[in-house]
>>> print(open('target-v5.txt').read())   # compact mmCIF, C-alpha atoms
# COMPACT_ATOMS: atom_id res chain seq x y z
CA MET A 1 13.41 18.42 14.57
CA ILE A 2 10.73 15.81 15.14
CA THR A 3 7.61 15.80 12.96
CA ILE A 4 4.54 14.13 14.37
CA ILE A 5 1.60 13.02 12.25
CA SER A 6 -1.37 11.58 14.06
CA ASP A 7 -4.83 10.32 13.19
CA THR A 8 -6.06 11.29 16.65
CA TYR A 9 -5.94 14.69 18.29
CA LEU A 10 -3.75 14.96 21.37
CA GLU A 11 -4.11 18.03 23.51
CA GLY A 12 -0.99 19.94 24.51
CA PHE A 13 1.16 19.33 21.41
CA ASP A 14 -0.11 22.07 19.08
CA ASP A 15 3.13 24.04 19.33
CA LYS A 16 5.34 20.94 18.95
CA ASN A 17 5.24 20.24 15.21
CA PHE A 18 2.20 18.02 15.76
CA PHE A 19 -0.06 17.51 12.75
CA TYR A 20 -3.47 16.05 13.32
CA VAL A 21 -4.71 14.41 10.12
CA GLU A 22 -8.38 14.96 10.74
CA LYS A 23 -9.46 13.87 7.28
CA ALA A 24 -7.67 11.70 4.70
CA LEU A 25 -5.81 13.65 2.02
CA LYS A 26 -6.94 13.27 -1.56
CA SER A 27 -5.65 9.81 -2.48
CA CYS A 28 -2.51 9.28 -4.54
CA THR A 29 -3.66 8.63 -8.09
CA GLY A 30 -0.58 6.65 -9.14
CA CYS A 31 0.09 9.15 -11.94
CA PHE A 32 3.89 9.16 -11.40
CA SER A 33 4.04 12.92 -12.12
CA CYS A 34 6.15 13.20 -8.97
CA TRP A 35 8.81 11.10 -10.71
CA THR A 36 8.53 12.15 -14.34
CA LYS A 37 6.89 15.60 -14.68
CA SER A 38 7.78 17.52 -11.51
CA PRO A 39 10.50 15.26 -10.04
CA GLY A 40 10.34 15.29 -6.25
CA LEU A 41 7.00 17.11 -6.05
CA CYS A 42 3.48 15.69 -5.89
CA ILE A 43 1.06 17.48 -8.23
CA PHE A 44 -1.22 17.92 -5.23
CA LYS A 45 -0.05 20.53 -2.76
CA ASP A 46 -1.38 18.89 0.40
CA THR A 47 1.60 16.66 1.21
CA PHE A 48 3.70 16.61 4.37
CA ASN A 49 6.85 15.81 2.42
CA LYS A 50 8.79 19.01 3.13
CA LYS A 51 8.22 18.55 6.86
CA ILE A 52 9.12 14.86 6.70
CA ILE A 53 12.38 15.16 4.77
CA ASN A 54 13.63 18.05 6.91
CA SER A 55 13.10 16.11 10.14
CA ASP A 56 15.45 13.92 12.15
CA LYS A 57 12.57 11.77 13.28
CA LEU A 58 9.07 11.08 12.00
CA VAL A 59 6.60 10.04 14.67
CA ILE A 60 3.53 8.30 13.26
CA ILE A 61 0.56 7.84 15.57
CA SER A 62 -2.05 5.53 14.11
CA LYS A 63 -4.90 3.25 14.95
CA ASN A 64 -3.94 -0.33 14.10
CA THR A 65 -6.10 -0.86 11.04
CA TYR A 66 -5.92 -4.55 10.09
CA GLY A 67 -2.15 -4.45 10.70
CA THR A 68 -1.40 -1.21 8.87
CA TYR A 69 -1.79 2.55 9.20
CA SER A 70 -5.30 4.01 9.24
CA SER A 71 -6.51 5.42 5.92
CA LYS A 72 -5.92 8.97 7.18
CA ILE A 73 -2.25 8.28 7.93
CA LYS A 74 -1.86 6.15 4.81
CA SER A 75 -3.09 9.02 2.64
CA VAL A 76 -0.06 10.99 3.89
CA ILE A 77 2.37 8.09 3.45
CA ASP A 78 1.18 7.18 -0.06
CA LYS A 79 2.03 10.70 -1.16
CA SER A 80 5.57 10.48 0.20
CA ILE A 81 6.92 8.51 -2.78
CA PRO A 82 8.45 11.65 -4.40
CA LEU A 83 10.93 11.53 -1.50
CA VAL A 84 12.63 8.61 -3.25
CA LEU A 85 13.70 8.11 -6.86
CA PRO A 86 11.85 5.88 -9.31
CA THR A 87 15.08 4.00 -10.06
CA PHE A 88 16.08 0.91 -8.11
CA LYS A 89 18.63 -0.44 -5.70
CA VAL A 90 19.00 -3.85 -4.04
CA ILE A 91 18.71 -3.72 -0.24
CA ASN A 92 18.67 -6.92 1.83
CA ASN A 93 18.35 -8.91 -1.39
CA GLU A 94 15.16 -7.05 -2.34
CA THR A 95 14.57 -4.34 -4.92
CA HIS A 96 13.73 -0.90 -3.55
CA HIS A 97 13.76 2.69 -4.75
CA ARG A 98 16.95 4.72 -4.55
CA LYS A 99 17.44 7.74 -2.30
CA ARG A 100 16.57 11.18 -3.64
CA TYR A 101 17.99 12.97 -0.58
CA ASN A 102 21.11 12.34 1.46
CA GLN A 103 19.30 12.09 4.78
CA TYR A 104 16.00 10.63 5.85
CA PRO A 105 14.24 10.70 9.22
CA ASN A 106 14.09 7.75 11.55
CA ILE A 107 10.58 6.43 12.09
CA HIS A 108 8.96 5.88 15.46
CA SER A 109 5.36 4.74 15.41
CA LEU A 110 2.90 4.61 18.27
CA VAL A 111 0.09 2.24 17.38
CA TYR A 112 -3.12 2.00 19.39
CA ASP A 113 -6.35 -0.04 19.33
CA SER A 114 -4.61 -3.22 18.26
CA ILE A 115 -7.12 -6.08 18.33
CA ASN A 116 -4.59 -8.87 18.80
CA GLU A 117 -0.92 -9.82 18.74
CA ASP A 118 -1.07 -10.93 15.10
CA MET A 119 -2.13 -7.45 14.02
CA ILE A 120 0.68 -5.91 16.06
CA LYS A 121 3.13 -8.30 14.38
CA THR A 122 1.90 -7.35 10.90
CA TYR A 123 1.94 -3.64 11.81
CA LYS A 124 5.54 -3.90 12.99
CA ALA A 125 6.57 -5.72 9.80
CA MET A 126 4.79 -3.05 7.75
CA VAL A 127 6.58 -0.18 9.51
CA GLU A 128 9.92 -2.00 9.16
CA ALA A 129 9.30 -2.34 5.42
CA HIS A 130 8.20 1.31 5.23
CA GLY A 131 11.46 2.24 6.97
CA ILE A 132 13.50 0.36 4.37
CA ASN A 133 11.67 2.11 1.55
CA LEU A 134 12.06 5.53 3.20
CA HIS A 135 15.74 4.81 3.92
CA ALA A 136 15.28 5.29 7.66
CA ASP A 137 18.32 4.22 9.69
CA LYS A 138 16.17 3.31 12.68
CA VAL A 139 12.61 2.15 13.04
CA GLN A 140 10.72 1.64 16.28
CA VAL A 141 7.15 0.64 16.95
CA ASP A 142 5.41 0.79 20.32
CA ALA A 143 1.94 -0.66 20.77
CA VAL A 144 0.15 1.37 23.43
CA ASN A 145 -3.32 1.98 24.79
CA LYS A 146 -4.99 5.02 23.30
CA SER A 147 -5.24 6.56 26.76
CA ASP A 148 -1.44 6.35 27.11
CA LEU A 149 -0.59 8.12 23.82
CA LYS A 150 0.09 11.54 25.39
CA GLN A 151 2.52 10.07 27.90
CA ALA A 152 4.27 7.98 25.24
CA LEU A 153 4.59 10.96 22.90
CA THR A 154 5.95 13.17 25.67
CA MET A 155 8.66 10.58 26.32
CA ILE A 156 9.59 10.46 22.61
CA ILE A 157 9.77 14.21 22.23
CA GLY A 158 11.84 14.66 25.38
CA GLY A 159 13.76 17.90 25.06
CA HIS A 160 13.05 18.28 21.34
CA ASN A 161 10.51 20.55 19.68
CA VAL A 162 10.42 23.02 22.57
CA MET B 1 -24.57 -21.05 -7.67
CA SER B 2 -21.70 -19.02 -6.39
CA LYS B 3 -21.79 -15.29 -7.03
CA ILE B 4 -18.38 -13.68 -7.12
CA GLY B 5 -17.51 -10.00 -6.93
CA PHE B 6 -14.10 -8.46 -7.60
CA ILE B 7 -13.36 -5.13 -5.95
CA ASN B 8 -10.45 -3.15 -7.34
CA PHE B 9 -8.46 -0.89 -5.00
CA SER B 10 -6.18 0.48 -7.70
CA PRO B 11 -6.45 4.21 -8.42
CA ARG B 12 -5.82 3.32 -12.06
CA GLY B 13 -9.10 1.41 -12.32
CA LYS B 14 -9.45 -0.61 -15.51
CA LYS B 15 -5.94 0.34 -16.62
CA SER B 16 -4.44 -1.33 -13.56
CA THR B 17 -2.56 -4.61 -13.31
CA SER B 18 -5.00 -5.66 -10.55
CA PHE B 19 -7.89 -5.36 -13.01
CA TYR B 20 -5.95 -7.14 -15.74
CA LEU B 21 -5.17 -10.08 -13.45
CA ALA B 22 -8.78 -10.36 -12.33
CA SER B 23 -9.92 -10.29 -15.96
CA GLN B 24 -7.73 -13.35 -16.61
CA LEU B 25 -9.46 -15.49 -13.98
CA ASN B 26 -11.44 -18.44 -15.33
CA LEU B 27 -14.49 -17.28 -13.44
CA SER B 28 -17.68 -15.37 -13.94
CA VAL B 29 -16.95 -12.25 -11.91
CA ASP B 30 -18.66 -8.90 -11.45
CA PHE B 31 -16.04 -6.14 -11.53
CA MET B 32 -16.39 -3.19 -9.17
CA ASP B 33 -14.26 -0.23 -8.14
CA SER B 34 -13.93 0.48 -4.42
CA ASN B 35 -14.18 4.22 -5.10
CA ASP B 36 -17.60 3.86 -6.72
CA ILE B 37 -18.96 1.77 -3.85
CA LEU B 38 -17.50 4.18 -1.32
CA ALA B 39 -18.76 7.31 -3.09
CA ASP B 40 -22.31 5.92 -3.29
CA GLN B 41 -22.10 4.17 0.11
CA ALA B 42 -23.48 1.22 -1.87
CA PHE B 43 -22.30 -1.50 0.47
CA ASP B 44 -25.69 -3.20 0.35
CA HIS B 45 -24.91 -3.97 -3.29
CA LEU B 46 -22.28 -6.41 -2.00
CA ASP B 47 -24.84 -8.41 -0.01
CA GLN B 48 -25.64 -10.51 -3.11
CA TYR B 49 -22.12 -11.99 -3.34
CA ASP B 50 -21.07 -15.04 -1.41
CA THR B 51 -17.44 -14.59 -2.48
CA LEU B 52 -15.41 -11.38 -2.75
CA ILE B 53 -11.96 -11.01 -4.30
CA LEU B 54 -10.09 -7.87 -3.29
CA GLY B 55 -7.50 -6.70 -5.82
CA SER B 56 -4.85 -4.22 -4.80
CA PRO B 57 -1.57 -2.73 -5.85
CA LEU B 58 1.15 -2.48 -3.21
CA TYR B 59 1.51 1.12 -2.07
CA VAL B 60 4.38 1.67 0.37
CA ASP B 61 4.25 -1.91 1.66
CA SER B 62 0.53 -1.84 2.27
CA ILE B 63 -2.89 -1.28 0.72
CA PRO B 64 -3.46 2.17 -0.87
CA SER B 65 -5.35 4.66 1.29
CA LYS B 66 -8.43 4.45 -0.94
CA GLY B 67 -8.55 0.69 -0.34
CA LEU B 68 -8.23 1.19 3.40
CA MET B 69 -11.00 3.79 3.34
CA PHE B 70 -13.19 1.20 1.65
CA LEU B 71 -12.35 -1.49 4.21
CA GLU B 72 -12.95 0.83 7.18
CA SER B 73 -16.35 1.91 5.85
CA TYR B 74 -17.33 -1.61 4.84
CA GLU B 75 -16.49 -2.80 8.36
CA GLU B 76 -18.89 -0.17 9.76
CA TYR B 77 -21.60 -1.41 7.39
CA LEU B 78 -20.98 -5.04 8.35
CA ASN B 79 -21.19 -4.20 12.05
CA ILE B 80 -24.80 -3.18 11.44
CA ASN B 81 -25.49 -5.78 8.73
CA PRO B 82 -23.53 -8.88 9.79
CA GLN B 83 -23.01 -11.55 7.14
CA SER B 84 -20.40 -13.97 5.94
CA LYS B 85 -18.52 -14.24 2.64
CA ASN B 86 -15.46 -16.05 1.41
CA LEU B 87 -12.70 -13.51 1.03
CA TYR B 88 -9.74 -13.83 -1.34
CA GLY B 89 -7.05 -11.34 -2.33
CA ILE B 90 -4.75 -10.52 -5.23
CA VAL B 91 -1.90 -8.06 -4.61
CA CYS B 92 0.63 -6.93 -7.19
CA CYS B 93 3.79 -4.98 -6.57
CA GLY B 94 6.09 -3.11 -8.92
CA PHE B 95 9.20 -4.77 -7.55
CA PRO B 96 10.22 -8.13 -9.02
CA GLU B 97 10.04 -9.97 -5.69
CA SER B 98 6.42 -11.00 -5.27
CA HIS B 99 7.02 -11.90 -1.61
CA GLN B 100 7.02 -8.16 -0.91
CA THR B 101 3.21 -8.44 -1.15
CA ARG B 102 3.05 -10.73 1.90
CA ILE B 103 2.28 -7.94 4.38
CA ALA B 104 -0.55 -6.57 2.20
CA LEU B 105 -2.08 -10.05 1.93
CA GLU B 106 -1.82 -10.39 5.73
CA ILE B 107 -3.63 -7.04 6.05
CA LEU B 108 -6.51 -8.40 3.95
CA SER B 109 -6.59 -11.51 6.16
CA HIS B 110 -6.83 -9.29 9.27
CA PHE B 111 -9.74 -7.42 7.71
CA ALA B 112 -11.45 -10.77 7.13
CA GLN B 113 -10.80 -11.76 10.74
CA THR B 114 -12.14 -8.42 12.01
CA VAL B 115 -15.45 -8.66 10.14
CA GLY B 116 -15.82 -12.43 10.58
CA PHE B 117 -15.34 -13.45 6.94
CA PRO B 118 -13.51 -16.72 6.24
CA TRP B 119 -10.11 -15.74 4.80
CA GLN B 120 -9.44 -18.08 1.92
CA GLY B 121 -6.03 -16.77 0.86
CA GLY B 122 -4.66 -15.16 -2.23
CA PHE B 123 -1.65 -14.59 -4.36
CA GLY B 124 0.97 -11.92 -4.76
CA VAL B 125 2.47 -10.97 -8.10
CA GLY B 126 5.84 -9.28 -8.70
CA SER B 127 6.87 -6.99 -11.59
CA GLY B 128 3.30 -5.68 -11.65
CA GLU B 129 4.05 -2.81 -14.01
CA PHE B 130 5.59 -5.24 -16.48
CA ILE B 131 2.69 -7.68 -16.22
CA GLY B 132 0.14 -4.89 -16.72
CA GLN B 133 1.95 -3.22 -19.61
CA SER B 134 2.88 -6.35 -21.54
CA GLN B 135 -0.54 -7.77 -22.26
CA ALA B 136 0.52 -8.43 -25.87
CA ILE B 137 2.87 -11.09 -24.51
CA PRO B 138 0.76 -14.20 -23.84
CA ILE B 139 0.17 -14.99 -20.20
CA THR B 140 1.52 -18.47 -20.94
CA SER B 141 4.90 -16.99 -21.94
CA LYS B 142 7.84 -18.29 -19.91
CA LEU B 143 8.77 -14.66 -19.26
CA LYS B 144 5.71 -14.35 -17.04
CA GLY B 145 6.76 -17.26 -14.87
CA PRO B 146 4.03 -19.47 -13.41
CA LEU B 147 1.37 -16.74 -13.74
CA LYS B 148 -0.99 -18.81 -15.85
CA GLU B 149 -0.72 -21.74 -13.44
CA LYS B 150 -1.39 -19.46 -10.43
CA ILE B 151 -4.41 -17.90 -12.13
CA ASP B 152 -5.81 -21.34 -12.97
CA THR B 153 -5.29 -22.82 -9.50
CA PHE B 154 -6.58 -19.66 -7.83
CA SER B 155 -9.69 -19.67 -10.06
CA HIS B 156 -10.31 -23.31 -9.18
CA ALA B 157 -10.02 -22.59 -5.44
CA VAL B 158 -12.42 -19.63 -5.66
CA LEU B 159 -14.94 -21.63 -7.65
CA LYS B 160 -14.81 -24.50 -5.14
CA LYS B 161 -14.68 -22.06 -2.20
CA GLU B 162 -11.48 -23.74 -1.08
CA ASN B 163 -8.56 -22.28 0.81
CA TYR B 164 -5.71 -21.12 -1.44
CA ASP B 165 -3.29 -20.24 1.34
CA ILE B 166 -0.88 -17.46 0.28
CA GLN B 167 1.11 -18.03 -2.88
CA PHE B 168 3.56 -15.87 -4.82
CA CYS B 169 4.38 -15.46 -8.47
CA ASP B 170 7.60 -13.93 -9.79
CA SER B 171 8.18 -13.22 -13.45
CA PHE B 172 10.98 -15.12 -15.10
CA MET B 173 13.08 -11.99 -15.44
CA PRO B 174 16.56 -11.56 -13.94
CA ARG B 175 16.66 -8.76 -11.39
CA TRP B 176 19.52 -7.01 -13.16
CA PHE B 177 17.40 -6.88 -16.33
CA PHE B 178 14.39 -5.52 -14.40
CA ILE B 179 16.54 -2.78 -12.84
CA ALA B 180 18.24 -1.88 -16.13
CA SER B 181 15.04 -1.75 -18.17
CA GLY B 182 13.22 0.11 -15.37
CA THR B 183 15.96 2.74 -15.22
CA THR B 184 15.84 3.20 -19.00
CA HIS B 185 12.05 3.55 -18.80
CA TRP B 186 12.12 6.28 -16.14
CA TYR B 187 14.79 8.33 -17.91
CA SER B 188 12.91 8.10 -21.20
CA MET B 189 9.75 9.29 -19.43
CA ILE B 190 11.64 12.31 -18.07
CA LYS B 191 12.91 13.15 -21.55
CA SER B 192 9.50 12.70 -23.14
CA ASN B 193 8.18 15.28 -20.68
CA GLY B 194 10.72 17.81 -21.98
CA LEU B 195 13.01 17.63 -18.95
CA LYS B 196 16.75 17.10 -18.79
CA ARG B 197 17.97 13.67 -17.71
CA THR B 198 19.46 15.16 -14.54
CA ALA B 199 16.03 16.47 -13.46
CA LEU B 200 15.09 12.93 -12.39
CA LYS B 201 17.24 13.45 -9.28
CA ASN B 202 15.96 16.94 -8.35
CA THR B 203 15.84 17.67 -4.64
CA PRO B 204 13.24 20.46 -4.41
CA LEU B 205 12.37 20.15 -0.72
CA ILE B 206 15.63 21.04 1.02
>>> encode(input="target-v5.txt", output="structure tokens")
Amino acid sequence: MITIISDTYLEGFDDKNFFYVEKALKSCTGCFSCWTKSPGLCIFKDTFNKKIINSDKLVIISKNTYGTYSSKIKSVIDKSIPLVLPTFKVINNETHHRKRYNQYPNIHSLVYDSINEDMIKTYKAMVEAHGINLHADKVQVDAVNKSDLKQALTMIIGGHNV
Amino acid sequence: MSKIGFINFSPRGKKSTSFYLASQLNLSVDFMDSNDILADQAFDHLDQYDTLILGSPLYVDSIPSKGLMFLESYEEYLNINPQSKNLYGIVCCGFPESHQTRIALEILSHFAQTVGFPWQGGFGVGSGEFIGQSQAIPITSKLKGPLKEKIDTFSHAVLKKENYDIQFCDSFMPRWFFIASGTTHWYSMIKSNGLKRTALKNTPLI
């Protein structure tokens, strides 16, 4: 199963596990309840975590916002930290959080409205780092024009989610 | 006379490491919370500052969503009310390797570029939770690495409106010790909340 979260509405994908984040979720408060009071669960109920962790692939469609996800998408991602443990592991000579689950989705991001190559470079580095922290085996980023998003998403979905 | 404003992106406000670090600067700074400015749409309040320092924790390799909301809305305001300010950043991450803040500092530089502010650099701090929670240990302690030196040189650069480039500051704490003490901390938190030790690894979503 592929889960798609997008900060822009794309017609024709409503029945394909497509979630349009029209408004930012209530921000993560950094309370750590998801690690120490209700391990694995955010105290707010508006997360996408169940969909994310039960997917083979997470497609993230976002405006390039200074080299990172838009605030709408980031509000979803910030609240995904209960998907990992608070304890640590060294990966690529850096400290990261350990896995909570055995399997994690691969990440494929379509980024649009990039102002310049530097912002695309930073965005790619950010998604790579996000992939390491979410224990994704594969990470891919494609910078596309906003008008080409539907075509790019159709190619990613292929025969899935039908 | 330079007027300097510090804007905190941390959801923990005055209890955050970002706030603590800013409070250690050798500068006269007005402290503000991005949430307050955003809630009141009080961006015109920022017009009086010729230098802004953005302070942020690292949330999933980037700026927290509330910080991004602030930047997006501030950009809209600046499109209508163009102006120029020196922009600096301070980013702290929970991991011991301060270089993990590099991407977040780049993001702040891209914001500066987008709105036409001169990006003057900043510094990234590792072991943020430790730095924030160990305020009883003097900032000059060897355990805190070159933090005092970074704060002093950063303060000097801000005061002189000079470029600071991007610099990093790791605590003088072996990684194995950070991992061991962090693990002990999280298990003790679980127990203090009345849960069994094994609950830390619950997998409620599958």
>>> residues_around(input="target-v5.txt", residues="region 118-122 of chain A", least_positions_apart="6", cutoff="10 Å", atoms="only C-alpha atoms", output="list in words")
Asn64, Thr65, Tyr66, Gly67, Thr68, Val111, Tyr112, Glu128, Val141, Asp142 and Ala143 of chain A; Arg102, Ile103, Ala104, Glu106, Ile107, Ser109, His110 and Phe111 of chain B
>>> residues_around(input="target-v5.txt", residues="His99 (chain B)", least_positions_apart="5", cutoff="9 Å", atoms="only C-alpha atoms", output="PyMOL selection string")
chain B and resi 124-126+167-170
>>> closest_residue(input="target-v5.txt", among="B:Phe130, B:Phe95, B:Phe19, B:Phe123", to="chain A", atoms="all atoms listed in the file")
B:Phe95
>>> interface_residues(input="target-v5.txt", of="chain A", to="chain B", cutoff="8 Å", atoms="all atoms listed in the file", output="number ranges by chain")
A: 27-30, 35-37, 39-41, 49-50, 53-54, 66-68, 70-72, 74-75, 77-78, 81, 85-89, 94-96, 100-101, 119, 122, 125-126, 129-130, 133
>>> residues_near_point(input="target-v5.txt", point="(9.3, -19.0, -16.4)", cutoff="12 Å", atoms="only C-alpha atoms", output="list in words")
Ile139, Thr140, Ser141, Lys142, Leu143, Lys144, Gly145, Pro146, Leu147, Lys148, Glu149, Cys169, Asp170, Ser171, Phe172, Met173 and Pro174 of chain B
>>> write_last_selection(input="target-v5.txt", atoms="C-alpha atoms", output="PDB file, in the coordinates of the input")
ATOM      1  CA  ILE B 139       0.170 -14.990 -20.200  1.00  0.00           C
ATOM      2  CA  THR B 140       1.520 -18.470 -20.940  1.00  0.00           C
ATOM      3  CA  SER B 141       4.900 -16.990 -21.940  1.00  0.00           C
ATOM      4  CA  LYS B 142       7.840 -18.290 -19.910  1.00  0.00           C
ATOM      5  CA  LEU B 143       8.770 -14.660 -19.260  1.00  0.00           C
ATOM      6  CA  LYS B 144       5.710 -14.350 -17.040  1.00  0.00           C
ATOM      7  CA  GLY B 145       6.760 -17.260 -14.870  1.00  0.00           C
ATOM      8  CA  PRO B 146       4.030 -19.470 -13.410  1.00  0.00           C
ATOM      9  CA  LEU B 147       1.370 -16.740 -13.740  1.00  0.00           C
ATOM     10  CA  LYS B 148      -0.990 -18.810 -15.850  1.00  0.00           C
ATOM     11  CA  GLU B 149      -0.720 -21.740 -13.440  1.00  0.00           C
ATOM     12  CA  CYS B 169       4.380 -15.460  -8.470  1.00  0.00           C
ATOM     13  CA  ASP B 170       7.600 -13.930  -9.790  1.00  0.00           C
ATOM     14  CA  SER B 171       8.180 -13.220 -13.450  1.00  0.00           C
ATOM     15  CA  PHE B 172      10.980 -15.120 -15.100  1.00  0.00           C
ATOM     16  CA  MET B 173      13.080 -11.990 -15.440  1.00  0.00           C
ATOM     17  CA  PRO B 174      16.560 -11.560 -13.940  1.00  0.00           C
TER      18      PRO B 174
END
>>> atom_distance(input="target-v5.txt", atom1="CA of Lys3 (chain B)", atom2="CA of Asp50 (chain B)")
5.7 Å
>>> residues_near_point(input="target-v5.txt", point="(16.5, 8.9, -0.9)", cutoff="9 Å", atoms="all atoms listed in the file", output="tab-separated table (two decimals) with C-alpha atoms, in the coordinates of the input")
chain	number	residue	atom	x	y	z
A	83	LEU	CA	10.93	11.53	-1.50
A	84	VAL	CA	12.63	8.61	-3.25
A	85	LEU	CA	13.70	8.11	-6.86
A	97	HIS	CA	13.76	2.69	-4.75
A	98	ARG	CA	16.95	4.72	-4.55
A	99	LYS	CA	17.44	7.74	-2.30
A	100	ARG	CA	16.57	11.18	-3.64
A	101	TYR	CA	17.99	12.97	-0.58
A	102	ASN	CA	21.11	12.34	1.46
A	103	GLN	CA	19.30	12.09	4.78
A	104	TYR	CA	16.00	10.63	5.85
A	133	ASN	CA	11.67	2.11	1.55
A	134	LEU	CA	12.06	5.53	3.20
A	135	HIS	CA	15.74	4.81	3.92
>>> atom_distance(input="target-v5.txt", atom1="CA of Gln120 (chain B)", atom2="CA of Ile166 (chain B)")
8.7 Å
>>> atom_distance(input="target-v5.txt", atom1="CA of Ile5 (chain A)", atom2="CA of Val127 (chain A)")
14.4 Å
>>> residues_around(input="target-v5.txt", residues="Ile4 (chain A)", least_positions_apart="3", cutoff="7 Å", atoms="all atoms listed in the file", output="number ranges by chain")
A: 17-19, 58-60
>>> decode(input="target-v5.txt", residues="region 70-85 of chain A", atoms="N, CA, C and O atoms", output="PDB file, in the first residue's frame")
ATOM      1  N   SER A  70       6.691  22.069   3.452  1.00  0.00           N
ATOM      2  CA  SER A  70       5.827  23.177   3.863  1.00  0.00           C
ATOM      3  C   SER A  70       5.359  22.922   5.295  1.00  0.00           C
ATOM      4  O   SER A  70       5.413  21.793   5.794  1.00  0.00           O
ATOM      5  N   SER A  71       4.875  23.967   5.946  1.00  0.00           N
ATOM      6  CA  SER A  71       4.448  23.809   7.350  1.00  0.00           C
ATOM      7  C   SER A  71       3.306  22.798   7.476  1.00  0.00           C
ATOM      8  O   SER A  71       3.212  22.098   8.484  1.00  0.00           O
ATOM      9  N   LYS A  72       2.468  22.713   6.449  1.00  0.00           N
ATOM     10  CA  LYS A  72       1.343  21.756   6.516  1.00  0.00           C
ATOM     11  C   LYS A  72       1.879  20.323   6.554  1.00  0.00           C
ATOM     12  O   LYS A  72       1.463  19.515   7.380  1.00  0.00           O
ATOM     13  N   ILE A  73       2.814  20.025   5.651  1.00  0.00           N
ATOM     14  CA  ILE A  73       3.403  18.675   5.628  1.00  0.00           C
ATOM     15  C   ILE A  73       4.246  18.456   6.886  1.00  0.00           C
ATOM     16  O   ILE A  73       4.198  17.395   7.519  1.00  0.00           O
ATOM     17  N   LYS A  74       4.979  19.480   7.285  1.00  0.00           N
ATOM     18  CA  LYS A  74       5.856  19.318   8.456  1.00  0.00           C
ATOM     19  C   LYS A  74       5.059  19.043   9.724  1.00  0.00           C
ATOM     20  O   LYS A  74       5.532  18.345  10.626  1.00  0.00           O
ATOM     21  N   SER A  75       3.831  19.580   9.787  1.00  0.00           N
ATOM     22  CA  SER A  75       3.004  19.318  10.982  1.00  0.00           C
ATOM     23  C   SER A  75       2.663  17.831  11.083  1.00  0.00           C
ATOM     24  O   SER A  75       2.493  17.304  12.183  1.00  0.00           O
ATOM     25  N   VAL A  76       2.582  17.165   9.948  1.00  0.00           N
ATOM     26  CA  VAL A  76       2.345  15.708   9.927  1.00  0.00           C
ATOM     27  C   VAL A  76       3.631  14.971  10.324  1.00  0.00           C
ATOM     28  O   VAL A  76       3.611  14.055  11.152  1.00  0.00           O
ATOM     29  N   ILE A  77       4.736  15.398   9.739  1.00  0.00           N
ATOM     30  CA  ILE A  77       6.022  14.714   9.971  1.00  0.00           C
ATOM     31  C   ILE A  77       6.492  14.888  11.417  1.00  0.00           C
ATOM     32  O   ILE A  77       6.996  13.942  12.033  1.00  0.00           O
ATOM     33  N   ASP A  78       6.334  16.081  11.962  1.00  0.00           N
ATOM     34  CA  ASP A  78       6.763  16.306  13.362  1.00  0.00           C
ATOM     35  C   ASP A  78       6.073  15.330  14.308  1.00  0.00           C
ATOM     36  O   ASP A  78       6.650  14.924  15.322  1.00  0.00           O
ATOM     37  N   LYS A  79       4.827  14.995  13.975  1.00  0.00           N
ATOM     38  CA  LYS A  79       4.073  14.110  14.874  1.00  0.00           C
ATOM     39  C   LYS A  79       4.290  12.632  14.571  1.00  0.00           C
ATOM     40  O   LYS A  79       3.563  11.774  15.072  1.00  0.00           O
ATOM     41  N   SER A  80       5.300  12.342  13.734  1.00  0.00           N
ATOM     42  CA  SER A  80       5.583  10.930  13.428  1.00  0.00           C
ATOM     43  C   SER A  80       6.665  10.363  14.349  1.00  0.00           C
ATOM     44  O   SER A  80       7.041   9.202  14.212  1.00  0.00           O
ATOM     45  N   ILE A  81       7.164  11.153  15.299  1.00  0.00           N
ATOM     46  CA  ILE A  81       8.268  10.623  16.132  1.00  0.00           C
ATOM     47  C   ILE A  81       7.873   9.427  16.998  1.00  0.00           C
ATOM     48  O   ILE A  81       8.741   8.647  17.363  1.00  0.00           O
ATOM     49  N   PRO A  82       6.576   9.235  17.353  1.00  0.00           N
ATOM     50  CA  PRO A  82       6.271   7.992  18.093  1.00  0.00           C
ATOM     51  C   PRO A  82       6.521   6.732  17.264  1.00  0.00           C
ATOM     52  O   PRO A  82       6.500   5.631  17.826  1.00  0.00           O
ATOM     53  N   LEU A  83       6.779   6.872  15.972  1.00  0.00           N
ATOM     54  CA  LEU A  83       7.066   5.683  15.156  1.00  0.00           C
ATOM     55  C   LEU A  83       8.460   5.129  15.442  1.00  0.00           C
ATOM     56  O   LEU A  83       8.781   4.010  15.031  1.00  0.00           O
ATOM     57  N   VAL A  84       9.291   5.921  16.114  1.00  0.00           N
ATOM     58  CA  VAL A  84      10.615   5.412  16.512  1.00  0.00           C
ATOM     59  C   VAL A  84      10.713   5.446  18.038  1.00  0.00           C
ATOM     60  O   VAL A  84       9.870   6.049  18.711  1.00  0.00           O
ATOM     61  N   LEU A  85      11.730   4.805  18.562  1.00  0.00           N
ATOM     62  CA  LEU A  85      11.933   4.772  20.014  1.00  0.00           C
ATOM     63  C   LEU A  85      12.737   5.997  20.459  1.00  0.00           C
ATOM     64  O   LEU A  85      13.472   6.577  19.655  1.00  0.00           O
TER      65      LEU A  85
END
